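A.B. asks: Sharing run_18.cif, mmCIF, C-alpha atoms and all ligand atoms:
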```
data_upload
#
loop_
_atom_site.group_PDB
_atom_site.id
_atom_site.type_symbol
_atom_site.label_atom_id
_atom_site.label_comp_id
_atom_site.auth_asym_id
_atom_site.auth_seq_id
_atom_site.Cartn_x
_atom_site.Cartn_y
_atom_site.Cartn_z
ATOM 1 C CA MET I 1 -54.804 -135.070 35.674
ATOM 2 C CA ALA I 2 -55.965 -138.035 33.604
ATOM 3 C CA GLU I 3 -54.238 -138.626 30.294
ATOM 4 C CA THR I 4 -56.173 -137.492 27.269
ATOM 5 C CA GLU I 5 -55.616 -138.964 23.814
ATOM 6 C CA ILE I 6 -57.040 -137.537 20.637
ATOM 7 C CA LEU I 7 -56.699 -139.075 17.183
ATOM 8 C CA VAL I 8 -57.303 -136.987 14.074
ATOM 9 C CA PRO I 9 -57.232 -138.823 10.726
ATOM 10 C CA ILE I 10 -55.720 -136.701 7.948
ATOM 11 C CA ASP I 11 -57.328 -137.231 4.580
ATOM 12 C CA SER I 12 -58.357 -133.826 3.283
ATOM 13 C CA GLU I 13 -57.881 -130.083 3.713
ATOM 14 C CA VAL I 14 -60.499 -129.764 6.486
ATOM 15 C CA ASP I 15 -58.636 -132.379 8.539
ATOM 16 C CA ILE I 16 -55.658 -130.017 8.730
ATOM 17 C CA ILE I 17 -57.918 -127.379 10.262
ATOM 18 C CA SER I 18 -59.362 -129.983 12.593
ATOM 19 C CA ALA I 19 -55.902 -131.138 13.731
ATOM 20 C CA ARG I 20 -54.855 -127.548 14.268
ATOM 21 C CA ARG I 21 -57.955 -126.846 16.360
ATOM 22 C CA HIS I 22 -57.604 -130.029 18.430
ATOM 23 C CA GLY I 23 -53.972 -129.127 19.170
ATOM 24 C CA ARG I 24 -54.961 -125.670 20.310
ATOM 25 C CA ASP I 25 -57.941 -126.870 22.365
ATOM 26 C CA LEU I 26 -55.932 -129.574 24.113
ATOM 27 C CA ALA I 27 -53.119 -127.126 24.853
ATOM 28 C CA ARG I 28 -55.627 -124.667 26.283
ATOM 29 C CA SER I 29 -57.297 -127.252 28.513
ATOM 30 C CA ALA I 30 -53.870 -128.435 29.704
ATOM 31 C CA GLY I 31 -53.081 -124.892 30.821
ATOM 32 C CA PHE I 32 -50.617 -123.839 28.113
ATOM 33 C CA SER I 33 -50.185 -120.102 27.557
ATOM 34 C CA LEU I 34 -51.949 -118.406 24.662
ATOM 35 C CA GLY I 35 -48.609 -118.085 22.893
ATOM 36 C CA ASP I 36 -47.817 -121.759 23.299
ATOM 37 C CA GLN I 37 -51.318 -122.706 22.125
ATOM 38 C CA THR I 38 -50.565 -120.851 18.882
ATOM 39 C CA VAL I 39 -47.082 -122.363 18.620
ATOM 40 C CA ILE I 40 -48.480 -125.887 18.972
ATOM 41 C CA ALA I 41 -51.326 -125.214 16.537
ATOM 42 C CA THR I 42 -48.872 -123.852 13.951
ATOM 43 C CA ALA I 43 -46.457 -126.792 14.221
ATOM 44 C CA VAL I 44 -49.350 -129.263 13.999
ATOM 45 C CA SER I 45 -50.750 -127.554 10.966
ATOM 46 C CA GLU I 46 -47.401 -127.720 9.083
ATOM 47 C CA ILE I 47 -46.901 -131.399 9.863
ATOM 48 C CA ALA I 48 -50.509 -132.275 8.995
ATOM 49 C CA ARG I 49 -50.193 -130.354 5.728
ATOM 50 C CA ASN I 50 -47.099 -132.371 4.856
ATOM 51 C CA ILE I 51 -49.017 -135.608 5.457
ATOM 52 C CA LEU I 52 -51.731 -134.515 3.063
ATOM 53 C CA MET I 53 -49.259 -133.215 0.488
ATOM 54 C CA TYR I 54 -46.708 -136.030 0.440
ATOM 55 C CA ALA I 55 -48.498 -139.099 1.806
ATOM 56 C CA LYS I 56 -52.119 -138.206 0.924
ATOM 57 C CA ARG I 57 -53.354 -139.569 4.234
ATOM 58 C CA GLY I 58 -52.256 -140.371 7.742
ATOM 59 C CA GLU I 59 -53.057 -139.374 11.278
ATOM 60 C CA VAL I 60 -52.141 -136.977 14.044
ATOM 61 C CA ARG I 61 -52.359 -138.132 17.642
ATOM 62 C CA PHE I 62 -52.276 -135.892 20.685
ATOM 63 C CA ARG I 63 -51.452 -136.804 24.259
ATOM 64 C CA VAL I 64 -50.948 -134.798 27.421
ATOM 65 C CA VAL I 65 -48.388 -136.304 29.768
ATOM 66 C CA ASN I 66 -47.406 -135.482 33.299
ATOM 67 C CA ASP I 67 -43.799 -136.222 34.126
ATOM 68 C CA GLY I 68 -43.207 -135.422 37.774
ATOM 69 C CA ASP I 69 -44.166 -131.779 38.099
ATOM 70 C CA ARG I 70 -43.853 -131.178 34.342
ATOM 71 C CA CYS I 71 -46.737 -131.262 31.929
ATOM 72 C CA GLY I 72 -46.135 -131.853 28.238
ATOM 73 C CA LEU I 73 -48.176 -132.102 25.080
ATOM 74 C CA ILE I 74 -47.005 -134.795 22.664
ATOM 75 C CA VAL I 75 -47.967 -134.832 19.013
ATOM 76 C CA VAL I 76 -47.323 -137.880 16.845
ATOM 77 C CA ALA I 77 -47.940 -137.479 13.116
ATOM 78 C CA ALA I 78 -47.730 -140.709 11.152
ATOM 79 C CA ASP I 79 -48.249 -141.760 7.569
ATOM 80 C CA ARG I 80 -47.482 -144.674 5.268
ATOM 81 C CA GLY I 81 -46.412 -142.440 2.407
ATOM 82 C CA PRO I 82 -43.167 -142.287 0.427
ATOM 83 C CA GLY I 83 -40.916 -141.556 3.410
ATOM 84 C CA ILE I 84 -38.067 -139.028 3.473
ATOM 85 C CA ALA I 85 -34.789 -140.099 1.849
ATOM 86 C CA ASP I 86 -32.578 -137.463 3.511
ATOM 87 C CA VAL I 87 -33.915 -136.188 6.826
ATOM 88 C CA ASP I 88 -31.070 -133.718 7.407
ATOM 89 C CA LEU I 89 -31.749 -132.159 4.030
ATOM 90 C CA ALA I 90 -35.519 -132.082 4.627
ATOM 91 C CA LEU I 91 -34.900 -130.193 7.875
ATOM 92 C CA GLN I 92 -32.908 -127.466 6.132
ATOM 93 C CA GLU I 93 -34.755 -124.204 5.588
ATOM 94 C CA GLY I 94 -35.537 -123.730 1.936
ATOM 95 C CA HIS I 95 -35.372 -127.385 0.942
ATOM 96 C CA SER I 96 -38.526 -128.557 -0.806
ATOM 97 C CA THR I 97 -39.197 -131.367 -3.224
ATOM 98 C CA ALA I 98 -42.536 -129.793 -4.124
ATOM 99 C CA GLY I 99 -41.564 -126.251 -5.023
ATOM 100 C CA GLY I 100 -42.689 -125.037 -1.603
ATOM 101 C CA LEU I 101 -40.876 -122.692 0.736
ATOM 102 C CA GLY I 102 -39.306 -125.571 2.609
ATOM 103 C CA LEU I 103 -40.107 -123.992 5.953
ATOM 104 C CA GLY I 104 -42.596 -126.493 7.384
ATOM 105 C CA LEU I 105 -40.310 -129.040 9.027
ATOM 106 C CA PRO I 106 -37.580 -126.642 10.214
ATOM 107 C CA GLY I 107 -40.272 -124.268 11.484
ATOM 108 C CA ALA I 108 -42.095 -126.974 13.424
ATOM 109 C CA ARG I 109 -38.825 -128.186 14.899
ATOM 110 C CA ARG I 110 -37.911 -124.707 16.045
ATOM 111 C CA LEU I 111 -41.339 -124.099 17.588
ATOM 112 C CA MET I 112 -41.447 -127.296 19.631
ATOM 113 C CA ASP I 113 -39.133 -128.423 22.486
ATOM 114 C CA ASP I 114 -38.517 -131.933 21.166
ATOM 115 C CA PHE I 115 -38.740 -133.077 17.577
ATOM 116 C CA GLU I 116 -37.952 -136.514 16.185
ATOM 117 C CA ILE I 117 -38.409 -137.994 12.724
ATOM 118 C CA VAL I 118 -38.506 -141.727 12.071
ATOM 119 C CA THR I 119 -38.862 -142.486 8.380
ATOM 120 C CA ALA I 120 -38.095 -145.114 5.756
ATOM 121 C CA VAL I 121 -38.366 -144.705 2.010
ATOM 122 C CA GLY I 122 -41.372 -146.593 0.711
ATOM 123 C CA GLU I 123 -42.708 -147.208 4.225
ATOM 124 C CA GLY I 124 -43.697 -143.886 5.692
ATOM 125 C CA THR I 125 -42.886 -141.220 8.221
ATOM 126 C CA ALA I 126 -43.576 -140.686 11.905
ATOM 127 C CA ILE I 127 -42.834 -137.347 13.518
ATOM 128 C CA THR I 128 -42.993 -136.997 17.298
ATOM 129 C CA MET I 129 -42.909 -133.520 18.782
ATOM 130 C CA ARG I 130 -43.348 -132.310 22.324
ATOM 131 C CA LYS I 131 -43.922 -129.009 24.053
ATOM 132 C CA TRP I 132 -43.488 -128.575 27.788
ATOM 133 C CA ARG I 133 -45.866 -126.282 29.607
ATOM 134 C CA GLY I 134 -44.269 -123.274 31.254
ATOM 135 C CA LYS I 135 -44.716 -122.974 35.002
HETATM 136 N N1 LIG I 201 -44.812 -136.729 5.607
HETATM 137 C C1 LIG I 201 -43.882 -136.632 4.640
HETATM 138 N N2 LIG I 201 -43.690 -137.651 3.760
HETATM 139 C C2 LIG I 201 -42.749 -137.563 2.784
HETATM 140 N N3 LIG I 201 -41.949 -136.488 2.609
HETATM 141 C C3 LIG I 201 -42.112 -135.441 3.434
HETATM 142 C C4 LIG I 201 -43.079 -135.447 4.489
HETATM 143 N N4 LIG I 201 -42.981 -134.274 5.155
HETATM 144 C C5 LIG I 201 -42.011 -133.584 4.551
HETATM 145 N N5 LIG I 201 -41.469 -134.266 3.512
HETATM 146 C C6 LIG I 201 -40.341 -133.852 2.642
HETATM 147 O O1 LIG I 201 -39.590 -132.874 3.324
HETATM 148 C C7 LIG I 201 -39.497 -131.686 2.531
HETATM 149 C C8 LIG I 201 -39.470 -130.481 3.446
HETATM 150 O O2 LIG I 201 -40.742 -130.330 4.089
HETATM 151 P P1 LIG I 201 -41.195 -128.874 4.551
HETATM 152 O O3 LIG I 201 -42.537 -128.977 5.173
HETATM 153 O O4 LIG I 201 -40.080 -128.298 5.372
HETATM 154 O O5 LIG I 201 -41.250 -128.050 3.190
HETATM 155 P P2 LIG I 201 -42.337 -128.064 2.036
HETATM 156 O O6 LIG I 201 -43.534 -128.885 2.463
HETATM 157 O O7 LIG I 201 -41.664 -128.523 0.791
HETATM 158 O O8 LIG I 201 -42.716 -126.531 1.893
HETATM 159 P P3 LIG I 201 -43.593 -125.657 2.947
HETATM 160 O O9 LIG I 201 -43.974 -126.548 4.103
HETATM 161 O O10 LIG I 201 -42.683 -124.545 3.388
HETATM 162 O O11 LIG I 201 -44.748 -125.202 2.166
HETATM 163 C C9 LIG I 201 -40.682 -131.750 1.602
HETATM 164 O O12 LIG I 201 -40.453 -131.005 0.410
HETATM 165 C C10 LIG I 201 -40.782 -133.251 1.327
HETATM 166 O O13 LIG I 201 -39.879 -133.659 0.336
HETATM 167 MG MG MG I 202 -44.463 -128.495 4.298
#
```
Can you present the structure in this file as structure tokens?
C.D. replies:
Amino acid sequence: MAETEILVPIDSEVDIISARRHGRDLARSAGFSLGDQTVIATAVSEIARNILMYAKRGEVRFRVVNDGDRCGLIVVAADRGPGIADVDLALQEGHSTAGGLGLGLPGARRLMDDFEIVTAVGEGTAITMRKWRGK
């Protein structure tokens, strides 16, 4: 299967819906189960919402990769916002600097197979998450 890349700029509320839909559509066309399509869409939507809320703008990129006989969907969400000072704290359930529930990051991490945050205060945040397709 040829690699597909999709880039969704995040700049407003409708872009979150767009990112969510692109994640679901790509997962569906890559043969992910209905459940995994929802899981991916939910994780994408949380991470895209954080971009809008904390960085105002950024982007979400999607890629389907084939690694041997495994197929994975990779999501990279990047912004040049304020960055996250304490990543371990940000990943704890219930921690929010915005009076939110603090469930977005820990939830997305739990839903996906791989989850990595690269961030620097004053420079921005890049979150890479991956889901492997079940056989
Ligand atoms: N892209 C980002 N840039 C800067 N800070 C971020 C970003 N994403 C998350 N954070 C920080 O990490 C904290 C935890 O994020 P998380 O999504 O888990 O919770 P929340 O957004 O506060 O609440 P919820 O998502 O449950 O409504 C946020 O309160 C914020 O301080
Ligand atoms: Mg959040």
A.B. asks: Between CA of Gln92 in chain I and CA of Val76 in chain I, what distance in Å does the model show, to one decimal?
C.D. replies: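 We find that CA of Gln92 in chain I and CA of Val76 in chain I lie 20.8 Å from each other.
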A.B. asks: Give as a list in words the residues surrounding ligand LIG 201 (chain I) up to a distance of 7 Å, considering all atoms listed in the file.
C.D. replies: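 Answer in the requested format: Glu46, Ile47, Asn50, Ile51, Tyr54, Ala55, Asp79, Gly81, Pro82, Gly83, Ile84, Ala90, Leu91, Glu93, His95, Ser96, Thr97, Ala98, Gly99, Gly100, Leu101, Gly102, Leu103, Gly104, Leu105, Pro106, Gly124 and Thr125 of chain I.
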A.B. asks: I'd like to see the residues matched by the PyMOL selection byres (((chain I and resi 7-12) around 7) and not hetatm) on this file, and ideally I'd get them as a PyMOL selection string.
C.D. replies: chain I and resi 5-6+13-16+19+48+52+56-62
A.B. asks: Nearest to ligand MG 202 (chain I): which of I:Ala78, I:Ala108, I:Val64, I:Ala41 is it, counting all atoms listed in the file?
C.D. replies: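 Ranked by minimum distance to ligand MG 202 (chain I), first place goes to I:Ala108.
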A.B. asks: What is the CA of Lys135 in chain I to CA of Ala77 in chain I distance in Å?
C.D. replies: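 We find that CA of Lys135 in chain I and CA of Ala77 in chain I lie 26.5 Å from each other.
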A.B. asks: Take the point (-57.8, -126.0, 22.5) as written in the file and pick out every residue within 12 Å of it, counting only C-alpha atoms; give the list as a PyMOL selection string.
C.D. replies: chain I and resi 6+18-34+36-41+62+73
A.B. asks: One decimal, in Å: what's the spacing between CA of Phe115 in chain I and CA of Asp67 in chain I?
C.D. replies: 17.6 Å
A.B. asks: For each of I:Ile74, I:Gly35, I:Ser45, I:Asp86, take the minimum atom-to-atom distance to ligand MG 202 (chain I), counting only C-alpha atoms and all ligand atoms, then give the residue where this is smallest.
C.D. replies: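 Of the candidates, the smallest distance to ligand MG 202 (chain I) is held by I:Ser45.
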A.B. asks: Could you check the closest approach to ligand MG 202 (chain I) for each of I:Val65, I:Val87, I:Val75, I:Met53 and tell me which residue wins, using all atoms listed in the file?
C.D. replies: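 Of all the options, I:Met53 lies closest to ligand MG 202 (chain I).
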A.B. asks: For the structure shown, which residues end up in the PyMOL selection byres (((chain I and resi 70) around 10) and not hetatm)? Put them as a list in words, please?
C.D. replies: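 Against this file, the PyMOL selection byres (((chain I and resi 70) around 10) and not hetatm) returns the residues Val65, Asn66, Asp67, Gly68, Asp69, Cys71, Gly72, Trp132, Arg133, Gly134 and Lys135 of chain I.
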A.B. asks: Once N, CA and C atoms are restored for range 115-131 of chain I, what would the output be as a PDB file, in the coordinates of the input?
C.D. replies:
```pdb
ATOM      1  N   PHE I 115     -38.291-132.826  18.941  1.00  0.00           N
ATOM      2  CA  PHE I 115     -38.740-133.077  17.577  1.00  0.00           C
ATOM      3  C   PHE I 115     -37.953-134.255  17.031  1.00  0.00           C
ATOM      4  N   GLU I 116     -38.638-135.311  16.653  1.00  0.00           N
ATOM      5  CA  GLU I 116     -37.952-136.514  16.185  1.00  0.00           C
ATOM      6  C   GLU I 116     -38.652-137.072  14.954  1.00  0.00           C
ATOM      7  N   ILE I 117     -37.856-137.409  13.942  1.00  0.00           N
ATOM      8  CA  ILE I 117     -38.409-137.994  12.724  1.00  0.00           C
ATOM      9  C   ILE I 117     -37.910-139.429  12.579  1.00  0.00           C
ATOM     10  N   VAL I 118     -38.852-140.346  12.420  1.00  0.00           N
ATOM     11  CA  VAL I 118     -38.506-141.727  12.071  1.00  0.00           C
ATOM     12  C   VAL I 118     -39.146-141.985  10.713  1.00  0.00           C
ATOM     13  N   THR I 119     -38.321-142.347   9.732  1.00  0.00           N
ATOM     14  CA  THR I 119     -38.862-142.486   8.380  1.00  0.00           C
ATOM     15  C   THR I 119     -38.092-143.536   7.595  1.00  0.00           C
ATOM     16  N   ALA I 120     -38.749-144.159   6.652  1.00  0.00           N
ATOM     17  CA  ALA I 120     -38.095-145.114   5.756  1.00  0.00           C
ATOM     18  C   ALA I 120     -38.732-144.968   4.383  1.00  0.00           C
ATOM     19  N   VAL I 121     -37.865-144.881   3.371  1.00  0.00           N
ATOM     20  CA  VAL I 121     -38.366-144.705   2.010  1.00  0.00           C
ATOM     21  C   VAL I 121     -39.250-145.892   1.629  1.00  0.00           C
ATOM     22  N   GLY I 122     -40.429-145.561   1.128  1.00  0.00           N
ATOM     23  CA  GLY I 122     -41.372-146.593   0.711  1.00  0.00           C
ATOM     24  C   GLY I 122     -42.236-147.118   1.850  1.00  0.00           C
ATOM     25  N   GLU I 123     -41.947-146.688   3.076  1.00  0.00           N
ATOM     26  CA  GLU I 123     -42.708-147.208   4.225  1.00  0.00           C
ATOM     27  C   GLU I 123     -43.512-146.140   4.944  1.00  0.00           C
ATOM     28  N   GLY I 124     -42.944-144.946   5.043  1.00  0.00           N
ATOM     29  CA  GLY I 124     -43.697-143.886   5.692  1.00  0.00           C
ATOM     30  C   GLY I 124     -42.859-143.071   6.653  1.00  0.00           C
ATOM     31  N   THR I 125     -43.548-142.195   7.361  1.00  0.00           N
ATOM     32  CA  THR I 125     -42.886-141.220   8.221  1.00  0.00           C
ATOM     33  C   THR I 125     -43.672-141.071   9.521  1.00  0.00           C
ATOM     34  N   ALA I 126     -42.943-140.992  10.619  1.00  0.00           N
ATOM     35  CA  ALA I 126     -43.576-140.686  11.905  1.00  0.00           C
ATOM     36  C   ALA I 126     -42.789-139.559  12.561  1.00  0.00           C
ATOM     37  N   ILE I 127     -43.469-138.491  12.876  1.00  0.00           N
ATOM     38  CA  ILE I 127     -42.834-137.347  13.518  1.00  0.00           C
ATOM     39  C   ILE I 127     -43.427-137.196  14.919  1.00  0.00           C
ATOM     40  N   THR I 128     -42.549-137.182  15.917  1.00  0.00           N
ATOM     41  CA  THR I 128     -42.993-136.997  17.298  1.00  0.00           C
ATOM     42  C   THR I 128     -42.458-135.657  17.789  1.00  0.00           C
ATOM     43  N   MET I 129     -43.343-134.813  18.263  1.00  0.00           N
ATOM     44  CA  MET I 129     -42.909-133.520  18.782  1.00  0.00           C
ATOM     45  C   MET I 129     -43.564-133.269  20.137  1.00  0.00           C
ATOM     46  N   ARG I 130     -42.829-132.551  20.981  1.00  0.00           N
ATOM     47  CA  ARG I 130     -43.348-132.310  22.324  1.00  0.00           C
ATOM     48  C   ARG I 130     -43.107-130.868  22.742  1.00  0.00           C
ATOM     49  N   LYS I 131     -44.065-130.347  23.456  1.00  0.00           N
ATOM     50  CA  LYS I 131     -43.922-129.009  24.053  1.00  0.00           C
ATOM     51  C   LYS I 131     -44.185-129.153  25.542  1.00  0.00           C
TER      52      LYS I 131
END
```
